[in-house]
file run13.cif (mmCIF, C-alpha atoms)
data_data
#
loop_
_atom_site.label_atom_id
_atom_site.label_comp_id
_atom_site.auth_asym_id
_atom_site.auth_seq_id
_atom_site.Cartn_x
_atom_site.Cartn_y
_atom_site.Cartn_z
CA MET A 1 147.57 106.28 78.15
CA GLY A 2 151.23 106.62 79.03
CA LEU A 3 151.74 103.11 80.34
CA GLU A 4 149.78 101.76 77.38
CA TYR A 5 152.23 103.58 75.09
CA ASP A 6 155.13 101.84 76.82
CA LEU A 7 153.40 98.48 76.32
CA GLY A 8 152.75 99.34 72.69
CA MET A 9 156.38 100.28 72.07
CA SER A 10 157.52 97.02 73.60
CA GLY A 11 155.53 95.33 70.87
CA ALA A 12 152.00 94.85 72.10
CA PHE A 13 149.41 97.62 72.01
CA LYS A 14 146.08 96.45 73.35
CA PRO A 15 143.55 96.76 70.48
CA GLU A 16 141.72 99.70 72.09
CA TRP A 17 145.00 101.59 72.44
CA GLN A 18 146.16 100.76 68.93
CA ILE A 19 143.08 102.73 67.79
CA TRP A 20 144.28 105.78 69.71
CA TYR A 21 147.87 105.41 68.52
CA ASP A 22 146.72 105.18 64.90
CA GLY A 23 144.24 108.00 65.39
CA VAL A 24 146.88 110.53 66.45
CA GLN A 25 149.40 109.74 63.71
CA PRO A 26 147.99 112.44 61.37
CA VAL A 27 148.57 114.99 64.16
CA LYS A 28 152.15 113.80 64.55
CA ALA A 29 152.70 114.16 60.80
CA TRP A 30 151.11 117.64 60.83
CA LEU A 31 153.41 118.75 63.66
CA GLU A 32 156.45 117.43 61.84
CA ALA A 33 155.46 119.50 58.81
CA LEU A 34 154.70 122.61 60.90
CA ARG A 35 158.06 122.54 62.69
CA PRO A 36 157.01 124.77 65.61
CA ASP A 37 159.78 126.70 67.38
CA ARG A 38 158.17 126.72 70.81
CA LEU A 39 155.41 124.99 72.65
CA VAL A 40 153.05 126.26 75.33
CA VAL A 41 151.18 123.48 77.14
CA VAL A 42 148.20 124.18 79.38
CA TYR A 43 147.57 121.02 81.43
CA ASN A 44 146.64 119.83 84.89
CA ASP A 45 148.85 118.36 87.60
CA HIS A 46 147.37 115.40 89.49
CA LEU A 47 148.88 115.99 92.95
CA ASN A 48 152.20 114.82 91.56
CA HIS A 49 154.09 118.09 91.83
CA PHE A 50 151.88 120.33 93.94
CA GLN A 51 150.18 119.41 97.17
CA PHE A 52 147.63 121.08 99.37
CA ASP A 53 150.01 123.14 101.50
CA ALA A 54 150.10 125.52 98.52
CA TYR A 55 147.99 124.54 95.54
CA PRO A 56 148.07 127.21 92.82
CA THR A 57 144.98 127.76 90.71
CA LEU A 58 147.18 128.69 87.74
CA ALA A 59 150.95 128.13 87.65
CA LEU A 60 153.57 128.80 84.99
CA GLY A 61 156.81 126.84 84.76
CA VAL A 62 159.99 128.75 83.89
CA ALA A 63 163.09 126.54 84.00
CA ALA A 64 165.81 125.06 81.80
CA SER A 65 164.11 121.68 82.03
CA PHE A 66 161.21 119.97 83.72
CA ARG A 67 161.75 116.57 85.26
CA GLN A 68 159.24 113.77 85.18
CA ALA A 69 157.21 113.40 88.39
CA ASP A 70 157.23 110.08 90.25
CA GLU A 71 153.53 109.24 90.52
CA GLY A 72 154.09 106.43 92.99
CA TRP A 73 155.19 103.63 90.66
CA GLY A 74 158.63 105.05 89.82
CA LEU A 75 159.67 106.85 86.63
CA ARG A 76 158.97 105.80 83.06
CA ASP A 77 161.93 105.60 80.73
CA PHE A 78 161.79 109.18 79.43
CA PRO A 79 164.06 112.20 79.86
CA PRO A 80 163.07 115.59 81.30
CA LEU A 81 161.20 117.99 79.05
CA PRO A 82 163.28 120.88 77.73
CA GLY A 83 162.33 124.24 79.22
CA ASP A 84 162.34 127.71 77.72
CA ILE A 85 163.72 130.33 80.10
CA ASP A 86 163.68 133.51 77.99
CA PHE A 87 160.30 132.81 76.44
CA GLY A 88 158.95 131.64 79.81
CA TRP A 89 159.84 134.94 81.48
CA HIS A 90 158.42 136.80 78.51
CA VAL A 91 155.13 134.92 78.93
CA ALA A 92 155.18 135.52 82.71
CA THR A 93 155.71 139.24 82.22
CA SER A 94 153.10 139.56 79.49
CA LEU A 95 150.49 137.62 81.47
CA VAL A 96 151.05 139.40 84.79
CA ARG A 97 151.10 142.85 83.19
CA GLY A 98 147.90 141.84 81.45
CA GLU A 99 146.44 141.14 84.92
CA PHE A 100 146.75 137.38 84.63
CA ASP A 101 148.89 136.89 87.72
CA LEU A 102 149.95 133.26 87.81
CA THR A 103 152.27 131.55 90.27
CA VAL A 104 155.70 131.29 88.64
CA CYS A 105 157.47 127.98 89.35
CA GLN A 106 161.21 127.75 88.73
CA GLU A 107 160.99 124.06 89.56
CA LEU A 108 158.17 121.98 88.23
CA SER A 109 158.02 118.23 87.87
CA ILE A 110 155.53 117.11 85.29
CA ASP A 111 153.21 114.13 85.43
CA HIS A 112 150.96 112.22 83.03
CA GLY A 113 149.12 115.46 82.33
CA VAL A 114 151.85 115.86 79.71
CA TYR A 115 153.91 112.65 79.78
CA SER A 116 150.90 110.50 78.82
CA TRP A 117 150.29 111.94 75.34
CA PHE A 118 153.61 113.61 74.62
CA PRO A 119 155.44 110.49 73.38
CA TYR A 120 152.56 109.77 70.99
CA LEU A 121 153.26 113.06 69.20
CA PHE A 122 156.98 113.75 69.65
CA ASP A 123 159.85 111.35 68.98
CA LEU A 124 162.98 111.36 71.10
CA PRO A 125 165.22 113.24 71.46
CA TRP A 126 162.89 116.00 72.64
CA ARG A 127 164.22 119.39 71.52
CA LEU A 128 161.13 121.59 71.30
CA PRO A 129 161.30 124.03 74.24
CA ILE A 130 158.24 123.98 76.46
CA THR A 131 156.44 126.50 78.63
CA PRO A 132 153.97 124.59 80.83
CA ILE A 133 150.96 126.12 82.56
CA ALA A 134 149.32 123.99 85.26
CA VAL A 135 145.63 124.49 86.06
CA ASN A 136 144.01 123.34 89.31
CA MET A 137 141.55 120.58 88.46
CA VAL A 138 141.91 118.58 91.67
CA ARG A 139 139.99 120.65 94.19
CA HIS A 140 136.96 122.88 93.84
CA PRO A 141 136.70 125.74 93.21
CA ILE A 142 138.44 125.22 89.87
CA PRO A 143 138.86 128.15 87.48
CA THR A 144 135.82 128.90 85.35
CA SER A 145 135.62 127.98 81.69
CA ARG A 146 135.47 131.68 80.82
CA ARG A 147 138.64 132.35 82.79
CA LEU A 148 140.50 129.64 80.89
CA TYR A 149 139.23 130.97 77.57
CA ARG A 150 140.59 134.38 78.60
CA LEU A 151 143.88 132.77 79.60
CA GLY A 152 144.11 131.65 75.99
CA ALA A 153 143.52 135.19 74.77
CA ALA A 154 146.23 136.42 77.15
CA LEU A 155 148.60 133.78 75.81
CA ARG A 156 147.89 135.01 72.30
CA GLN A 157 149.03 138.48 73.39
CA ALA A 158 152.17 137.03 74.91
CA VAL A 159 153.00 135.13 71.73
CA ALA A 160 152.22 138.13 69.53
CA SER A 161 154.55 140.38 71.54
CA TRP A 162 157.50 137.95 71.36
CA PRO A 163 159.96 139.75 69.09
CA ALA A 164 161.27 136.81 67.05
CA PRO A 165 159.40 135.63 63.94
CA GLU A 166 158.71 132.18 65.30
CA ARG A 167 155.95 129.64 65.20
CA VAL A 168 154.43 128.89 68.61
CA LEU A 169 152.20 125.90 69.15
CA VAL A 170 149.64 126.17 71.94
CA VAL A 171 148.39 122.87 73.31
CA ALA A 172 145.67 122.52 75.93
CA THR A 173 145.13 119.10 77.37
CA GLY A 174 142.80 117.41 79.82
CA GLY A 175 140.72 114.28 79.82
CA MET A 176 137.33 114.24 78.11
CA SER A 177 134.48 112.41 79.85
CA HIS A 178 135.70 110.34 82.78
CA GLN A 179 135.30 109.79 86.50
CA ILE A 180 137.85 107.87 88.52
CA SER A 181 136.39 107.85 92.01
CA GLY A 182 133.10 106.93 93.66
CA ALA A 183 130.52 104.47 92.39
CA ARG A 184 130.33 106.27 89.03
CA PHE A 185 133.91 105.12 88.35
CA GLY A 186 134.51 104.50 84.67
CA MET A 187 131.53 106.35 83.23
CA ALA A 188 131.94 107.13 79.56
CA ASN A 189 129.84 109.61 77.61
CA GLU A 190 131.05 109.57 74.04
CA GLU A 191 128.08 111.67 73.00
CA LEU A 192 129.29 114.49 75.22
CA ASP A 193 132.87 114.21 73.95
CA ARG A 194 131.79 114.33 70.33
CA TYR A 195 129.42 117.24 71.02
CA PHE A 196 132.35 119.13 72.52
CA LEU A 197 134.66 118.48 69.57
CA ARG A 198 131.93 119.36 67.07
CA HIS A 199 131.28 122.76 68.65
CA LEU A 200 134.78 123.84 69.65
CA ARG A 201 135.61 125.48 66.33
CA GLU A 202 132.53 127.59 65.64
CA ARG A 203 130.35 127.56 68.73
CA CYS A 204 132.96 127.80 71.44
CA ASP A 205 130.95 130.47 73.28
CA SER A 206 128.08 128.06 73.80
CA LEU A 207 130.51 125.49 75.22
CA VAL A 208 132.11 128.06 77.52
CA ASP A 209 128.65 128.90 78.85
CA ILE A 210 127.91 125.31 79.89
CA PRO A 211 128.06 125.16 83.71
CA GLN A 212 130.98 122.98 84.76
CA GLU A 213 128.56 121.09 86.98
CA THR A 214 126.66 120.03 83.86
CA LEU A 215 129.85 118.69 82.30
CA MET A 216 130.51 116.77 85.51
CA ARG A 217 127.00 115.35 85.76
CA LEU A 218 126.96 114.19 82.14
CA GLY A 219 130.56 113.16 81.69
CA GLY A 220 131.91 112.43 85.16
CA THR A 221 133.61 114.78 87.62
CA GLU A 222 136.86 114.76 85.66
CA ALA A 223 135.07 115.90 82.49
CA ALA A 224 135.58 119.34 84.05
CA GLU A 225 139.07 119.08 82.56
CA LEU A 226 137.48 119.91 79.21
CA ALA A 227 137.52 123.50 80.45
CA ILE A 228 141.29 123.51 79.96
CA TRP A 229 140.76 123.08 76.22
CA PHE A 230 139.30 126.59 76.09
CA ALA A 231 142.77 127.99 76.73
CA MET A 232 143.82 126.63 73.32
CA ARG A 233 140.70 127.85 71.54
CA GLY A 234 141.01 131.26 73.20
CA ALA A 235 144.56 131.62 71.89
CA LEU A 236 143.29 131.43 68.31
CA SER A 237 141.24 133.88 66.30
CA PRO A 238 137.49 133.29 65.84
CA ALA A 239 137.93 131.96 62.30
CA VAL A 240 140.21 128.96 62.34
CA ARG A 241 140.72 126.06 60.03
CA GLU A 242 140.14 122.62 61.53
CA VAL A 243 142.99 120.41 60.41
CA TYR A 244 141.94 117.18 62.06
CA ALA A 245 139.76 115.73 64.81
CA PHE A 246 139.62 112.27 66.29
CA HIS A 247 137.92 110.59 69.24
CA THR A 248 137.88 107.18 70.86
CA PHE A 249 137.15 105.75 74.31
CA PRO A 250 139.70 103.07 75.15
CA LYS A 251 139.01 102.33 78.82
CA ILE A 252 138.30 104.96 81.48
CA THR A 253 138.84 108.31 79.79
CA GLY A 254 137.51 109.80 76.59
CA CYS A 255 140.50 110.45 74.34
CA GLY A 256 140.20 113.10 71.69
CA VAL A 257 142.35 115.42 69.70
CA ILE A 258 141.50 118.44 67.58
CA ALA A 259 143.98 120.52 65.60
CA PHE A 260 143.35 124.06 64.39
CA GLU A 261 145.40 126.43 62.29
CA GLU A 262 144.94 130.14 61.87
CA ALA A 263 142.93 130.58 58.70
CA GLY A 264 144.63 133.82 57.64
CA PRO A 265 148.21 134.37 56.47
CA MET B 1 127.36 94.04 76.52
CA ASP B 2 128.23 91.45 79.13
CA VAL B 3 128.50 93.73 82.13
CA LEU B 4 128.73 91.56 85.22
CA PRO B 5 125.79 91.93 87.60
CA SER B 6 127.83 93.40 90.44
CA VAL B 7 128.63 96.48 88.35
CA PRO B 8 125.55 98.61 87.65
CA ALA B 9 125.50 99.18 83.89
CA ALA B 10 124.84 102.90 83.73
CA PRO B 11 126.11 105.48 86.19
CA ARG B 12 123.50 108.17 86.83
CA PHE B 13 123.60 111.81 85.82
CA ASP B 14 123.86 113.22 89.34
CA LEU B 15 126.68 114.25 91.63
CA ASP B 16 125.36 112.62 94.81
CA GLU B 17 127.22 110.21 97.08
CA PRO B 18 128.13 107.41 96.83
CA GLY B 19 128.28 107.84 93.04
CA THR B 20 130.46 110.90 93.44
CA PHE B 21 132.55 112.38 96.23
CA LEU B 22 132.97 115.93 95.02
CA TYR B 23 136.33 117.26 96.14
CA THR B 24 135.53 120.53 97.87
CA GLY B 25 137.52 122.87 100.07
CA ALA B 26 135.81 121.39 103.13
CA ALA B 27 136.93 117.90 102.08
CA SER B 28 140.44 119.23 101.54
CA SER B 29 140.55 120.65 105.06
CA ARG B 30 139.08 117.47 106.54
CA GLY B 31 141.65 115.29 104.80
CA TYR B 32 144.68 117.57 105.02
CA GLU B 33 146.89 115.31 107.18
CA LEU B 34 145.84 112.16 105.34
CA ASN B 35 146.70 113.68 101.98
CA ARG B 36 149.96 115.12 103.28
CA CYS B 37 150.91 111.65 104.47
CA ALA B 38 149.85 109.91 101.26
CA LEU B 39 151.66 112.38 99.01
CA THR B 40 155.00 111.74 100.72
CA LEU B 41 154.85 108.37 98.95
CA ARG B 42 155.86 110.05 95.71
CA SER B 43 159.44 109.06 96.54
CA ALA B 44 160.86 105.55 96.46
CA SER B 45 162.58 105.89 99.83
CA ALA B 46 159.33 106.91 101.52
CA ARG B 47 157.56 103.94 99.94
CA GLY B 48 160.27 101.71 101.38
CA GLN B 49 159.76 103.16 104.87
CA PHE B 50 155.99 102.79 104.59
CA LEU B 51 156.29 99.14 103.60
CA ALA B 52 158.80 98.46 106.39
CA ASP B 53 156.43 99.70 109.13
CA GLU B 54 153.11 101.04 107.95
CA THR B 55 151.70 101.89 111.38
CA ALA B 56 154.78 103.83 112.46
CA TYR B 57 154.77 105.69 109.15
CA LEU B 58 151.13 106.73 109.51
CA LYS B 59 151.64 107.83 113.12
CA ARG B 60 154.17 110.46 112.04
CA PHE B 61 151.46 112.51 110.36
CA GLY B 62 149.05 112.97 113.24
CA LEU B 63 146.31 110.85 111.72
CA SER B 64 143.47 109.74 113.97
CA ASP B 65 143.35 106.09 115.07
CA GLU B 66 140.23 105.72 112.95
CA VAL B 67 141.92 106.93 109.76
CA CYS B 68 145.01 104.79 110.48
CA ALA B 69 142.76 101.76 110.79
CA GLN B 70 141.00 102.65 107.53
CA VAL B 71 144.35 102.87 105.73
CA ARG B 72 145.43 99.52 107.14
CA ALA B 73 142.10 97.99 106.08
CA ARG B 74 142.41 99.53 102.56
CA ASP B 75 138.95 100.95 103.20
CA TRP B 76 139.27 103.30 100.25
CA THR B 77 135.68 104.54 100.30
CA ALA B 78 135.88 105.52 103.97
CA LEU B 79 139.13 107.34 103.24
CA LEU B 80 137.47 109.27 100.41
CA LYS B 81 134.71 110.27 102.84
CA ALA B 82 137.36 111.30 105.37
CA GLY B 83 138.66 113.85 102.85
CA GLY B 84 141.30 111.70 101.23
CA HIS B 85 141.80 112.83 97.64
CA LEU B 86 141.60 109.99 95.13
CA LEU B 87 144.90 111.05 93.59
CA ALA B 88 146.57 111.07 97.02
CA LEU B 89 145.07 107.72 98.03
CA LEU B 90 146.43 106.39 94.75
CA LYS B 91 149.96 106.86 96.12
CA ILE B 92 149.12 104.54 99.01
CA ALA B 93 147.59 102.07 96.55
CA ALA B 94 150.71 102.22 94.35
CA THR B 95 152.92 101.57 97.37
CA VAL B 96 151.02 98.46 98.42
CA GLY B 97 150.69 97.00 94.92
CA GLU B 98 147.17 98.16 94.12
CA ASN B 99 145.92 100.63 91.52
CA LEU B 100 143.07 102.88 90.45
CA PHE B 101 140.76 99.97 89.78
CA HIS B 102 141.14 98.59 93.31
CA ILE B 103 140.03 101.91 94.76
CA GLY B 104 137.20 102.24 92.24
CA ALA B 105 136.03 98.68 92.81
CA HIS B 106 135.78 99.33 96.54
CA SER B 107 133.35 102.19 95.91
CA VAL B 108 131.43 100.33 93.20
CA GLY B 109 131.14 97.22 95.34
CA THR B 110 133.00 94.76 93.17
CA ASP B 111 136.57 93.59 92.59
CA ALA B 112 139.18 95.32 90.48
CA ARG B 113 139.17 92.68 87.75
CA THR B 114 135.40 92.82 87.29
CA LEU B 115 135.44 96.59 87.22
CA TYR B 116 138.25 96.62 84.65
CA ALA B 117 136.20 94.31 82.43
CA ALA B 118 133.13 96.54 82.80
CA CYS B 119 134.92 99.72 81.65
CA PRO B 120 134.14 101.85 79.78
CA ARG B 121 130.70 102.06 81.44
CA ARG B 122 128.90 103.81 78.65
CA VAL B 123 126.14 106.32 79.26
CA ARG B 124 124.16 108.19 76.63
CA GLY B 125 122.54 111.57 76.62
CA LEU B 126 123.26 115.27 76.70
CA GLY B 127 120.63 116.23 79.29
CA ASP B 128 119.73 119.89 79.01
CA LEU B 129 122.41 120.58 76.41
CA GLY B 130 120.04 119.27 73.78
CA GLY B 131 121.68 118.09 70.56
#

call {"tool": "encode", "arguments": {"input": "run13.cif", "output": "structure tokens"}}
result
Amino acid sequence: MGLEYDLGMSGAFKPEWQIWYDGVQPVKAWLEALRPDRLVVVYNDHLNHFQFDAYPTLALGVAASFRQADEGWGLRDFPPLPGDIDFGWHVATSLVRGEFDLTVCQELSIDHGVYSWFPYLFDLPWRLPITPIAVNMVRHPIPTSRRLYRLGAALRQAVASWPAPERVLVVATGGMSHQISGARFGMANEELDRYFLRHLRERCDSLVDIPQETLMRLGGTEAAELAIWFAMRGALSPAVREVYAFHTFPKITGCGVIAFEEAGP
Amino acid sequence: MDVLPSVPAAPRFDLDEPGTFLYTGAASSRGYELNRCALTLRSASARGQFLADETAYLKRFGLSDEVCAQVRARDWTALLKAGGHLLALLKIAATVGENLFHIGAHSVGTDARTLYAACPRRVRGLGDLGG
């Protein structure tokens, strides 16, 4: 998605990626109107920052900025992401005191888990301060769907206890159906992706109860990354307003977006 | 859909090999040195050293002769079975001018170009989720 963005910006989106670019423009416009003050991003690292000597199940980044990780092909032409030290420590304290004891990283390089979609939604220069939370999706056991939903609820507490009257955007991101190793490489289950999007607003509990193995059987091993999305849904109240949803399947990963706003004042 | 014959049209809804190599703790222990080696290639200077003398580079990490030979042969599927993580092996692929589709094609039994053309490999159904 990221490299396809770079191609698109140099003048030539492939048709299947033009669909995605066009499909997320309403989200970009919505974000520009919302003008959030801070951003929390729950995502997964792909062995680009962490490695197996110490692989945290859940890790929180607290730093003045987060550099782009070199994934093996060198860096793309983007700056570091701006960090959020005071808010980051506030989130760390709130989560740990709430018994959500994450690994705190004062250095964190960030890969396509964020850099792939970020330029589609945010123009340069990037000013919105970010608090990233990395979830282990590379080695089993991965955290349960219920745990990630509860992480969202814990994030809600952290945001609610931040003293300033600010607007905080919580993004959770992971691929929809996809598998990128083994002979099932490239499998694409759009039916599963659309089922997930359809139920996330009002029947999230039924999605959370789906065994992760079922998601992996139906949508490919990396469809387990859908569990990360529950951290966003868990940060919101039960009754939310769906602003927009979109889905397409360009090549090897289901690409979807869904935007919710709190329904109340 | 003109899926080429060497790429089976519909992946199956199971998690068995060789369709899937589930990345477990046991795999992670089996492939620890291989992954440690591969992940050093996240820096340009390491990639330069690897390309200058691949065998010497691999030897530094205590890999078995068998695994070294599998790396040199770009036997990606054998490396996955040896506990190599796809995302770690991808760093070796990047260093030698290959990509995700080369690794995938090796497991599928085709070439990268054919596999690229065959993707997305659409499947339908929600199994026991119902509708």

call {"tool": "residues_around", "arguments": {"input": "run13.cif", "residues": "region 11-17 of chain B", "least_positions_apart": "5", "cutoff": "6 Å", "atoms": "all atoms listed in the file", "output": "NGL selection string"}}
result
:A and (184 or 217-218)

call {"tool": "residues_around", "arguments": {"input": "run13.cif", "residues": "region 72-76 of chain B", "least_positions_apart": "4", "cutoff": "10 Å", "atoms": "all atoms listed in the file", "output": "list in words"}}
result
Ser181 and Gly182 of chain A; Glu54, Thr55, Leu58, Glu66, Val67, Cys68, Leu80, Lys81, Ala82, Gly84, Leu86, Leu89, Leu90, Ile92, Ala93, Val96, Glu98, His102, Ile103, Gly104, Ala105, His106 and Ser107 of chain B

call {"tool": "residues_near_point", "arguments": {"input": "run13.cif", "point": "(140.8, 101.1, 81.6)", "cutoff": "7 Å", "atoms": "only C-alpha atoms", "output": "PyMOL selection string"}}
result
(chain A and resi 250-252) or (chain B and resi 116+119-120)

call {"tool": "write_last_selection", "arguments": {"input": "run13.cif", "atoms": "C-alpha atoms", "output": "PDB file, keeping the file's coordinate frame"}}
result
ATOM      1  CA  PRO A 250     139.700 103.070  75.150  1.00  0.00           C
ATOM      2  CA  LYS A 251     139.010 102.330  78.820  1.00  0.00           C
ATOM      3  CA  ILE A 252     138.300 104.960  81.480  1.00  0.00           C
TER       4      ILE A 252
ATOM      5  CA  TYR B 116     138.250  96.620  84.650  1.00  0.00           C
ATOM      6  CA  CYS B 119     134.920  99.720  81.650  1.00  0.00           C
ATOM      7  CA  PRO B 120     134.140 101.850  79.780  1.00  0.00           C
TER       8      PRO B 120
END

call {"tool": "closest_residue", "arguments": {"input": "run13.cif", "among": "A:Gln51, A:Asn44, A:Thr57, A:Ser109", "to": "chain B", "atoms": "all atoms listed in the file"}}
result
A:Gln51

call {"tool": "closest_atom_pairs", "arguments": {"input": "run13.cif", "of": "chain B", "to": "chain A", "cutoff": "7 Å", "atoms": "only C-alpha atoms", "output": "tab-separated table"}}
result
residue	atom	partner	partner_atom	distance
B:Pro11	CA	A:Arg184	CA	5.1
B:Phe13	CA	A:Arg217	CA	4.9
B:Asp14	CA	A:Arg217	CA	5.2
B:Leu15	CA	A:Arg217	CA	6.0
B:Pro18	CA	A:Ala183	CA	5.8
B:Gly19	CA	A:Ala183	CA	4.1
B:Thr20	CA	A:Gly182	CA	4.8
B:Phe21	CA	A:Gly182	CA	6.1
B:Tyr23	CA	A:Arg139	CA	5.4
B:Thr24	CA	A:His140	CA	4.9
B:Gly25	CA	A:His140	CA	6.3
B:Leu41	CA	A:Gly72	CA	6.3
B:Arg42	CA	A:Gly72	CA	4.9
B:Ser43	CA	A:Asp70	CA	6.7
B:Leu86	CA	A:Ser181	CA	6.4
B:Leu87	CA	A:Leu47	CA	6.4
B:Ala88	CA	A:Leu47	CA	6.8
B:Lys91	CA	A:Gly72	CA	5.2
B:Ala94	CA	A:Gly72	CA	5.6
B:Thr95	CA	A:Gly72	CA	6.6
B:Gly104	CA	A:Ser181	CA	5.7
B:Ser107	CA	A:Ala183	CA	5.1
B:Val108	CA	A:Ala183	CA	4.3
B:Cys119	CA	A:Lys251	CA	5.6
B:Pro120	CA	A:Lys251	CA	5.0
B:Arg121	CA	A:Met187	CA	4.7
B:Arg122	CA	A:Ala188	CA	4.6
B:Val123	CA	A:Asn189	CA	5.2
B:Arg124	CA	A:Asn189	CA	5.9
B:Gly125	CA	A:Glu191	CA	6.6
B:Leu126	CA	A:Leu192	CA	6.3

call {"tool": "write_last_selection", "arguments": {"input": "run13.cif", "atoms": "C-alpha atoms", "output": "CSV table (one decimal), keeping the file's coordinate frame"}}
result
chain,number,residue,atom,x,y,z
B,11,PRO,CA,126.1,105.5,86.2
B,13,PHE,CA,123.6,111.8,85.8
B,14,ASP,CA,123.9,113.2,89.3
B,15,LEU,CA,126.7,114.2,91.6
B,18,PRO,CA,128.1,107.4,96.8
B,19,GLY,CA,128.3,107.8,93.0
B,20,THR,CA,130.5,110.9,93.4
B,21,PHE,CA,132.6,112.4,96.2
B,23,TYR,CA,136.3,117.3,96.1
B,24,THR,CA,135.5,120.5,97.9
B,25,GLY,CA,137.5,122.9,100.1
B,41,LEU,CA,154.8,108.4,99.0
B,42,ARG,CA,155.9,110.0,95.7
B,43,SER,CA,159.4,109.1,96.5
B,86,LEU,CA,141.6,110.0,95.1
B,87,LEU,CA,144.9,111.0,93.6
B,88,ALA,CA,146.6,111.1,97.0
B,91,LYS,CA,150.0,106.9,96.1
B,94,ALA,CA,150.7,102.2,94.4
B,95,THR,CA,152.9,101.6,97.4
B,104,GLY,CA,137.2,102.2,92.2
B,107,SER,CA,133.4,102.2,95.9
B,108,VAL,CA,131.4,100.3,93.2
B,119,CYS,CA,134.9,99.7,81.6
B,120,PRO,CA,134.1,101.8,79.8
B,121,ARG,CA,130.7,102.1,81.4
B,122,ARG,CA,128.9,103.8,78.6
B,123,VAL,CA,126.1,106.3,79.3
B,124,ARG,CA,124.2,108.2,76.6
B,125,GLY,CA,122.5,111.6,76.6
B,126,LEU,CA,123.3,115.3,76.7

call {"tool": "atom_distance", "arguments": {"input": "run13.cif", "atom1": "CA of Ala134 (chain A)", "atom2": "CA of Arg167 (chain A)"}}
result
21.9 Å

call {"tool": "residues_around", "arguments": {"input": "run13.cif", "residues": "Pro129 (chain A)", "least_positions_apart": "6", "cutoff": "12 Å", "atoms": "only C-alpha atoms", "output": "ChimeraX atom specification"}}
result
/A:36-41,61-66,80-88,167-169

call {"tool": "atom_distance", "arguments": {"input": "run13.cif", "atom1": "CA of Gln25 (chain A)", "atom2": "CA of Cys255 (chain A)"}}
result
13.9 Å

call {"tool": "atom_distance", "arguments": {"input": "run13.cif", "atom1": "CA of Ala153 (chain A)", "atom2": "CA of Leu58 (chain A)"}}
result
15.0 Å

call {"tool": "closest_residue", "arguments": {"input": "run13.cif", "among": "A:Leu226, A:His247, A:Pro79, A:Ile110", "to": "Trp126 (chain A)", "atoms": "only C-alpha atoms"}}
result
A:Pro79

call {"tool": "resolve_selection", "arguments": {"input": "run13.cif", "expression": "the PyMOL selection byres ((chain A and resi 2-4) around 7)", "output": "number ranges by chain"}}
result
A: 1, 5-8, 13, 17, 112, 115-117

call {"tool": "axis_aligned_box", "arguments": {"input": "run13.cif", "around": "region 68-72 of chain B", "padding_each_side": "6 Å", "output": "JSON"}}
result
{"center_x": 143.2, "center_y": 102.2, "center_z": 108.3, "size_x": 16.4, "size_y": 17.3, "size_z": 17.1}

call {"tool": "closest_residue", "arguments": {"input": "run13.cif", "among": "A:Ala223, A:Ala259, A:Val159, A:Leu148", "to": "Val208 (chain A)", "atoms": "only C-alpha atoms"}}
result
A:Leu148

call {"tool": "closest_residue", "arguments": {"input": "run13.cif", "among": "A:His199, A:Leu128, A:Thr248, A:Pro119", "to": "Gln18 (chain A)", "atoms": "only C-alpha atoms"}}
result
A:Thr248

call {"tool": "resolve_selection", "arguments": {"input": "run13.cif", "expression": "the PyMOL selection byres ((chain A and resi 94) around 9)", "output": "JSON, numbers by chain"}}
result
{"A": [89, 90, 91, 92, 93, 95, 96, 97, 98, 99, 100, 154, 155, 157, 158, 159, 161]}

call {"tool": "residues_around", "arguments": {"input": "run13.cif", "residues": "Cys105 (chain A)", "least_positions_apart": "2", "cutoff": "7 Å", "atoms": "only C-alpha atoms", "output": "PDB file with C-alpha atoms, in the coordinates of the input"}}
result
ATOM      1  CA  ALA A  59     150.950 128.130  87.650  1.00  0.00           C
ATOM      2  CA  LEU A  60     153.570 128.800  84.990  1.00  0.00           C
ATOM      3  CA  GLY A  61     156.810 126.840  84.760  1.00  0.00           C
ATOM      4  CA  VAL A  62     159.990 128.750  83.890  1.00  0.00           C
ATOM      5  CA  THR A 103     152.270 131.550  90.270  1.00  0.00           C
ATOM      6  CA  GLU A 107     160.990 124.060  89.560  1.00  0.00           C
ATOM      7  CA  LEU A 108     158.170 121.980  88.230  1.00  0.00           C
TER       8      LEU A 108
END

call {"tool": "residues_around", "arguments": {"input": "run13.cif", "residues": "Tyr43 (chain A)", "least_positions_apart": "5", "cutoff": "8 Å", "atoms": "all atoms listed in the file", "output": "PyMOL selection string"}}
result
chain A and resi 113-114+132-135+172-174+228
